[in-house]
>>> print(open('run.txt').read())   # compact mmCIF, C-alpha atoms
# COMPACT_ATOMS: atom_id res chain seq x y z
CA MET A 1 0.00 0.00 0.00
CA THR A 2 1.36 3.41 -0.97
CA LYS A 3 0.75 6.43 1.18
CA ILE A 4 -0.73 9.29 -0.77
CA ASP A 5 0.93 12.32 0.81
CA THR A 6 1.16 14.96 -1.90
CA HIS A 7 -1.35 16.84 -4.05
CA GLU A 8 0.39 15.47 -7.13
CA LYS A 9 -0.15 11.84 -6.06
CA LEU A 10 -3.76 12.62 -5.19
CA ARG A 11 -4.44 14.13 -8.61
CA GLU A 12 -2.76 11.21 -10.35
CA ILE A 13 -5.50 9.02 -8.90
CA TYR A 14 -8.51 11.33 -9.04
CA GLY A 15 -7.64 13.70 -11.85
CA MET A 16 -8.75 17.33 -11.84
CA PRO A 17 -12.15 18.37 -10.46
CA MET A 18 -15.06 18.93 -12.77
CA GLU A 19 -15.30 22.58 -13.83
CA LEU A 20 -18.83 22.89 -12.47
CA ALA A 21 -17.75 21.50 -9.07
CA VAL A 22 -15.30 24.38 -8.79
CA SER A 23 -17.38 27.17 -10.29
CA LYS A 24 -20.44 26.47 -8.10
CA ALA A 25 -18.54 27.57 -4.95
CA LEU A 26 -19.71 31.10 -4.09
CA PRO A 27 -17.96 33.73 -1.93
CA LYS A 28 -21.28 34.63 -0.30
CA LEU A 29 -24.82 33.34 0.21
CA ASP A 30 -27.11 33.74 -2.78
CA PRO A 31 -30.93 33.57 -2.53
CA HIS A 32 -30.90 29.76 -2.92
CA CYS A 33 -28.38 29.29 -0.11
CA ARG A 34 -30.32 31.66 2.12
CA HIS A 35 -33.56 29.81 1.44
CA PHE A 36 -31.89 26.46 2.22
CA ILE A 37 -30.66 27.77 5.60
CA GLU A 38 -34.12 29.14 6.39
CA LEU A 39 -35.54 25.64 5.87
CA ALA A 40 -32.84 23.75 7.77
CA PRO A 41 -33.60 22.55 11.33
CA PHE A 42 -30.27 20.74 11.63
CA ALA A 43 -26.61 21.51 10.92
CA VAL A 44 -23.17 20.34 11.93
CA ILE A 45 -20.24 22.64 12.59
CA SER A 46 -16.61 21.58 12.37
CA SER A 47 -13.79 23.34 14.17
CA ALA A 48 -10.21 22.75 15.26
CA ASP A 49 -7.99 24.04 18.02
CA ALA A 50 -4.64 25.81 17.56
CA LYS A 51 -2.89 22.45 17.18
CA GLY A 52 -5.29 21.26 14.49
CA ASN A 53 -7.22 18.81 16.68
CA GLY A 54 -10.60 18.63 15.00
CA ASP A 55 -14.15 18.36 16.28
CA VAL A 56 -17.63 18.17 14.74
CA SER A 57 -20.74 19.20 16.68
CA PRO A 58 -24.42 18.68 15.76
CA ARG A 59 -26.80 21.62 16.18
CA GLY A 60 -30.56 21.64 15.83
CA ASP A 61 -33.73 23.59 16.53
CA GLY A 62 -36.69 24.80 14.48
CA PRO A 63 -36.25 25.49 10.75
CA GLY A 64 -34.13 28.59 10.26
CA PHE A 65 -32.68 28.44 13.78
CA ILE A 66 -29.42 29.70 12.29
CA LYS A 67 -30.17 33.26 11.24
CA VAL A 68 -28.98 34.85 8.00
CA LEU A 69 -27.94 38.38 8.94
CA ASP A 70 -26.68 39.25 5.45
CA ASP A 71 -25.07 37.56 2.46
CA ASN A 72 -21.82 36.97 4.36
CA THR A 73 -23.00 36.63 7.97
CA LEU A 74 -24.72 33.82 9.88
CA LEU A 75 -25.77 33.82 13.53
CA MET A 76 -25.86 30.47 15.34
CA PRO A 77 -27.35 30.29 18.84
CA ASP A 78 -25.39 28.38 21.47
CA ARG A 79 -27.80 26.94 24.00
CA PRO A 80 -27.29 25.33 27.42
CA GLY A 81 -25.59 21.94 27.35
CA ASN A 82 -23.02 20.00 29.33
CA ASN A 83 -20.52 22.90 29.34
CA ARG A 84 -17.80 21.04 27.43
CA VAL A 85 -17.91 23.98 24.97
CA ASP A 86 -15.63 22.12 22.55
CA THR A 87 -16.65 24.20 19.54
CA LEU A 88 -16.43 27.48 21.44
CA SER A 89 -13.02 26.62 22.87
CA ASN A 90 -11.75 25.81 19.40
CA ILE A 91 -13.10 29.06 17.94
CA VAL A 92 -11.25 31.03 20.64
CA GLU A 93 -8.01 29.46 19.40
CA ASN A 94 -8.78 29.04 15.69
CA PRO A 95 -11.69 30.86 14.02
CA LYS A 96 -11.87 28.63 10.94
CA VAL A 97 -15.10 26.60 10.76
CA GLY A 98 -17.03 24.48 8.29
CA MET A 99 -20.76 23.81 8.30
CA LEU A 100 -23.16 21.37 6.71
CA PHE A 101 -26.90 22.12 6.60
CA PHE A 102 -29.61 19.45 6.32
CA VAL A 103 -33.27 19.79 5.37
CA PRO A 104 -35.47 16.73 6.12
CA GLY A 105 -36.44 15.09 2.84
CA PHE A 106 -33.73 16.88 0.84
CA ASN A 107 -30.93 14.67 -0.42
CA ASP A 108 -28.73 17.64 -1.26
CA THR A 109 -26.95 19.54 1.51
CA LEU A 110 -25.43 23.00 1.85
CA ARG A 111 -21.76 23.43 2.73
CA VAL A 112 -20.50 26.69 4.23
CA ASN A 113 -16.92 27.56 5.19
CA GLY A 114 -15.70 30.66 6.97
CA THR A 115 -14.53 32.17 10.24
CA ALA A 116 -16.37 32.45 13.54
CA GLU A 117 -16.52 34.68 16.60
CA ILE A 118 -18.38 34.28 19.90
CA HIS A 119 -20.57 37.12 21.19
CA ASN A 120 -23.00 37.69 24.04
CA ASP A 121 -24.05 41.29 23.41
CA PRO A 122 -27.79 41.96 23.67
CA GLU A 123 -28.06 43.19 20.08
CA LEU A 124 -27.09 39.80 18.65
CA LEU A 125 -28.99 37.81 21.27
CA ALA A 126 -32.09 39.79 20.33
CA HIS A 127 -32.16 38.07 16.94
CA PHE A 128 -33.38 34.97 18.82
CA ALA A 129 -36.23 36.67 20.69
CA ASP A 130 -38.62 34.50 18.67
CA THR A 131 -37.42 31.36 20.49
CA PRO A 132 -38.81 30.22 23.87
CA LYS A 133 -35.40 30.40 25.59
CA PRO A 134 -32.58 32.80 24.68
CA PRO A 135 -29.16 31.35 23.83
CA ILE A 136 -26.21 31.90 26.15
CA THR A 137 -24.00 33.19 23.35
CA VAL A 138 -24.16 33.68 19.61
CA ILE A 139 -21.61 32.31 17.15
CA ARG A 140 -21.23 34.84 14.35
CA ILE A 141 -19.93 33.18 11.19
CA ARG A 142 -18.35 35.15 8.38
CA VAL A 143 -19.15 33.22 5.19
CA GLU A 144 -16.20 32.82 2.85
CA GLU A 145 -17.49 29.96 0.70
CA ALA A 146 -20.90 28.37 0.14
CA PHE A 147 -22.13 25.71 -2.23
CA LEU A 148 -24.77 23.01 -2.58
CA HIS A 149 -23.44 19.46 -2.27
CA CYS A 150 -24.80 16.76 -4.57
CA ALA A 151 -27.37 14.23 -3.35
CA LYS A 152 -25.41 11.00 -3.82
CA SER A 153 -24.22 10.46 -0.22
CA LEU A 154 -27.70 10.81 1.28
CA MET A 155 -29.19 8.76 -1.53
CA ARG A 156 -26.68 5.96 -0.91
CA SER A 157 -27.37 6.03 2.83
CA LYS A 158 -31.18 6.25 2.33
CA LEU A 159 -31.10 8.59 5.30
CA TRP A 160 -34.69 9.80 5.00
CA SER A 161 -36.22 6.42 4.08
CA ILE A 162 -38.66 5.02 6.63
CA GLU A 163 -37.54 1.53 5.62
CA SER A 164 -33.95 2.40 6.59
CA GLN A 165 -34.77 3.49 10.12
CA ILE A 166 -33.21 1.30 12.80
CA ASP A 167 -34.90 0.59 16.12
CA ARG A 168 -32.96 2.46 18.81
CA LYS A 169 -33.30 -0.58 21.04
CA VAL A 170 -30.68 -2.51 19.04
CA MET A 171 -28.15 -0.64 21.19
CA PRO A 172 -28.16 0.14 24.92
CA THR A 173 -29.37 3.55 26.07
CA LEU A 174 -26.89 6.43 26.01
CA GLY A 175 -26.82 6.32 29.79
CA LYS A 176 -25.89 2.61 29.80
CA ILE A 177 -23.17 3.17 27.20
CA ILE A 178 -21.63 6.04 29.20
CA LYS A 179 -21.85 4.02 32.40
CA ASP A 180 -19.96 1.16 30.71
CA GLN A 181 -17.37 3.55 29.28
CA THR A 182 -16.74 5.42 32.52
CA ALA A 183 -17.48 2.75 35.14
CA GLY A 184 -19.84 5.32 36.64
CA ASN A 185 -22.24 4.56 39.47
CA PHE A 186 -25.61 5.95 38.42
CA ASP A 187 -29.04 4.72 37.37
CA VAL A 188 -29.18 4.48 33.58
CA GLY A 189 -32.97 4.22 33.24
CA THR A 190 -34.73 3.36 29.98
CA GLN A 191 -34.62 5.01 26.56
CA GLU A 192 -38.01 6.51 27.34
CA ASP A 193 -36.58 8.00 30.55
CA ALA A 194 -33.69 9.50 28.59
CA ASP A 195 -35.98 11.00 25.94
CA LYS A 196 -38.20 12.46 28.66
CA TYR A 197 -35.19 13.96 30.45
CA PHE A 198 -33.86 15.67 27.30
CA ALA A 199 -37.32 16.92 26.33
CA GLN A 200 -37.71 18.44 29.82
CA SER A 201 -34.26 20.00 29.60
CA ILE A 202 -35.13 21.61 26.24
CA ALA A 203 -38.39 22.97 27.68
CA GLU A 204 -36.73 24.40 30.79
CA ARG A 205 -33.34 25.55 29.49
CA GLY A 206 -33.67 25.78 25.72
>>> encode(input="run.txt", output="structure tokens")
Amino acid sequence: MTKIDTHEKLREIYGMPMELAVSKALPKLDPHCRHFIELAPFAVISSADAKGNGDVSPRGDGPGFIKVLDDNTLLMPDRPGNNRVDTLSNIVENPKVGMLFFVPGFNDTLRVNGTAEIHNDPELLAHFADTPKPPITVIRIRVEEAFLHCAKSLMRSKLWSIESQIDRKVMPTLGKIIKDQTAGNFDVGTQEDADKYFAQSIAERG
């Protein structure tokens, strides 16, 4: 097996990208990108610390929970959690982020790359006055690149297909898994207990 460790070796295998795949990348959000974000109730954000250690975090709320301030600016609410603040800690050290937006039923996704800052000033928090609970901080993302990603990966995975859904009970509850991983001494409860706990947490804390 040969390690592929240069751009030249990579291109020898894959060739050059299709012209359309390059030209579709925009330096700002166009009306189609903005509409996609307004429909999306779920996104993931990738970040890395100063040493390049990477992380990916899922984020979700109602459709359009990430606000489009203008063609180059997004506002993402950061709500109460377990206080690991992995993404926020990375942004403090390295502002570069990547995002992937999902719309239920859509096989295409939206990719956004840019830089991020963390804010807690009332003016930015006020953009989320339409939500039951205000966020603790706002991640302001400066969009540097945006483009729609083709549908093949979600089509291959059949992500939205009812027939592809797997019963959660084929694995232990999250509590049981964490207890096994940490040798913790706590009551794991049932999956229904866990779902009820998280639903209550959302209602009380946002």
>>> residues_around(input="run.txt", residues="His127 in chain A", least_positions_apart="4", cutoff="9 Å", atoms="only C-alpha atoms", output="list in words")
Lys67, Leu75, Pro122 and Glu123 of chain A
>>> residues_around(input="run.txt", residues="Asn120 in chain A", least_positions_apart="4", cutoff="9 Å", atoms="only C-alpha atoms", output="NGL selection string")
:A and (124-125 or 135-139)
>>> closest_residue(input="run.txt", among="A:Gly98, A:Gly60, A:Gly184, A:Gly105", to="Phe147 in chain A", atoms="all atoms listed in the file")
A:Gly98
>>> closest_residue(input="run.txt", among="A:Arg156, A:Lys133, A:Arg111, A:Arg168", to="Ala25 in chain A", atoms="all atoms listed in the file")
A:Arg111
>>> closest_residue(input="run.txt", among="A:Ala146, A:Ile4, A:Ile202, A:Ile66", to="Gly81 in chain A", atoms="all atoms listed in the file")
A:Ile202
>>> residues_around(input="run.txt", residues="Glu145 in chain A", least_positions_apart="5", cutoff="12 Å", atoms="all atoms listed in the file", output="short mmCIF file (atom, residue, chain, number, x, y, z; two decimals) with C-alpha atoms, in the coordinates of the input")
data_model
loop_
_atom_site.label_atom_id
_atom_site.label_comp_id
_atom_site.auth_asym_id
_atom_site.auth_seq_id
_atom_site.Cartn_x
_atom_site.Cartn_y
_atom_site.Cartn_z
CA VAL A 22 -15.30 24.38 -8.79
CA SER A 23 -17.38 27.17 -10.29
CA LYS A 24 -20.44 26.47 -8.10
CA ALA A 25 -18.54 27.57 -4.95
CA LEU A 26 -19.71 31.10 -4.09
CA PRO A 27 -17.96 33.73 -1.93
CA LYS A 28 -21.28 34.63 -0.30
CA LEU A 29 -24.82 33.34 0.21
CA ASP A 30 -27.11 33.74 -2.78
CA CYS A 33 -28.38 29.29 -0.11
CA ASP A 71 -25.07 37.56 2.46
CA ASN A 72 -21.82 36.97 4.36
CA THR A 73 -23.00 36.63 7.97
CA LYS A 96 -11.87 28.63 10.94
CA VAL A 97 -15.10 26.60 10.76
CA GLY A 98 -17.03 24.48 8.29
CA MET A 99 -20.76 23.81 8.30
CA LEU A 100 -23.16 21.37 6.71
CA LEU A 110 -25.43 23.00 1.85
CA ARG A 111 -21.76 23.43 2.73
CA VAL A 112 -20.50 26.69 4.23
CA ASN A 113 -16.92 27.56 5.19
CA GLY A 114 -15.70 30.66 6.97
CA THR A 115 -14.53 32.17 10.24
#
>>> residues_around(input="run.txt", residues="Gly206 in chain A", least_positions_apart="4", cutoff="12 Å", atoms="all atoms listed in the file", output="list in words")
Gly60, Asp61, Gly62, Pro77, Asp78, Arg79, Pro80, Gly81, Phe128, Thr131, Pro132, Lys133, Pro134, Pro135, Ile136, Phe198, Ala199, Gln200, Ser201 and Ile202 of chain A
>>> atom_distance(input="run.txt", atom1="CA of Gly54 in chain A", atom2="CA of Leu174 in chain A")
23.1 Å
>>> closest_residue(input="run.txt", among="A:Ile162, A:Ile45, A:Leu39, A:Ala21", to="Met76 in chain A", atoms="only C-alpha atoms")
A:Ile45
>>> residues_around(input="run.txt", residues="Lys176 in chain A", least_positions_apart="3", cutoff="10 Å", atoms="only C-alpha atoms", output="list in words")
Met171, Pro172, Thr173, Lys179, Asp180, Gln181, Thr182, Ala183, Gly184, Phe186, Asp187, Val188, Gly189, Thr190 and Gln191 of chain A
>>> atom_distance(input="run.txt", atom1="CA of Asp70 in chain A", atom2="CA of Asp130 in chain A")
18.4 Å
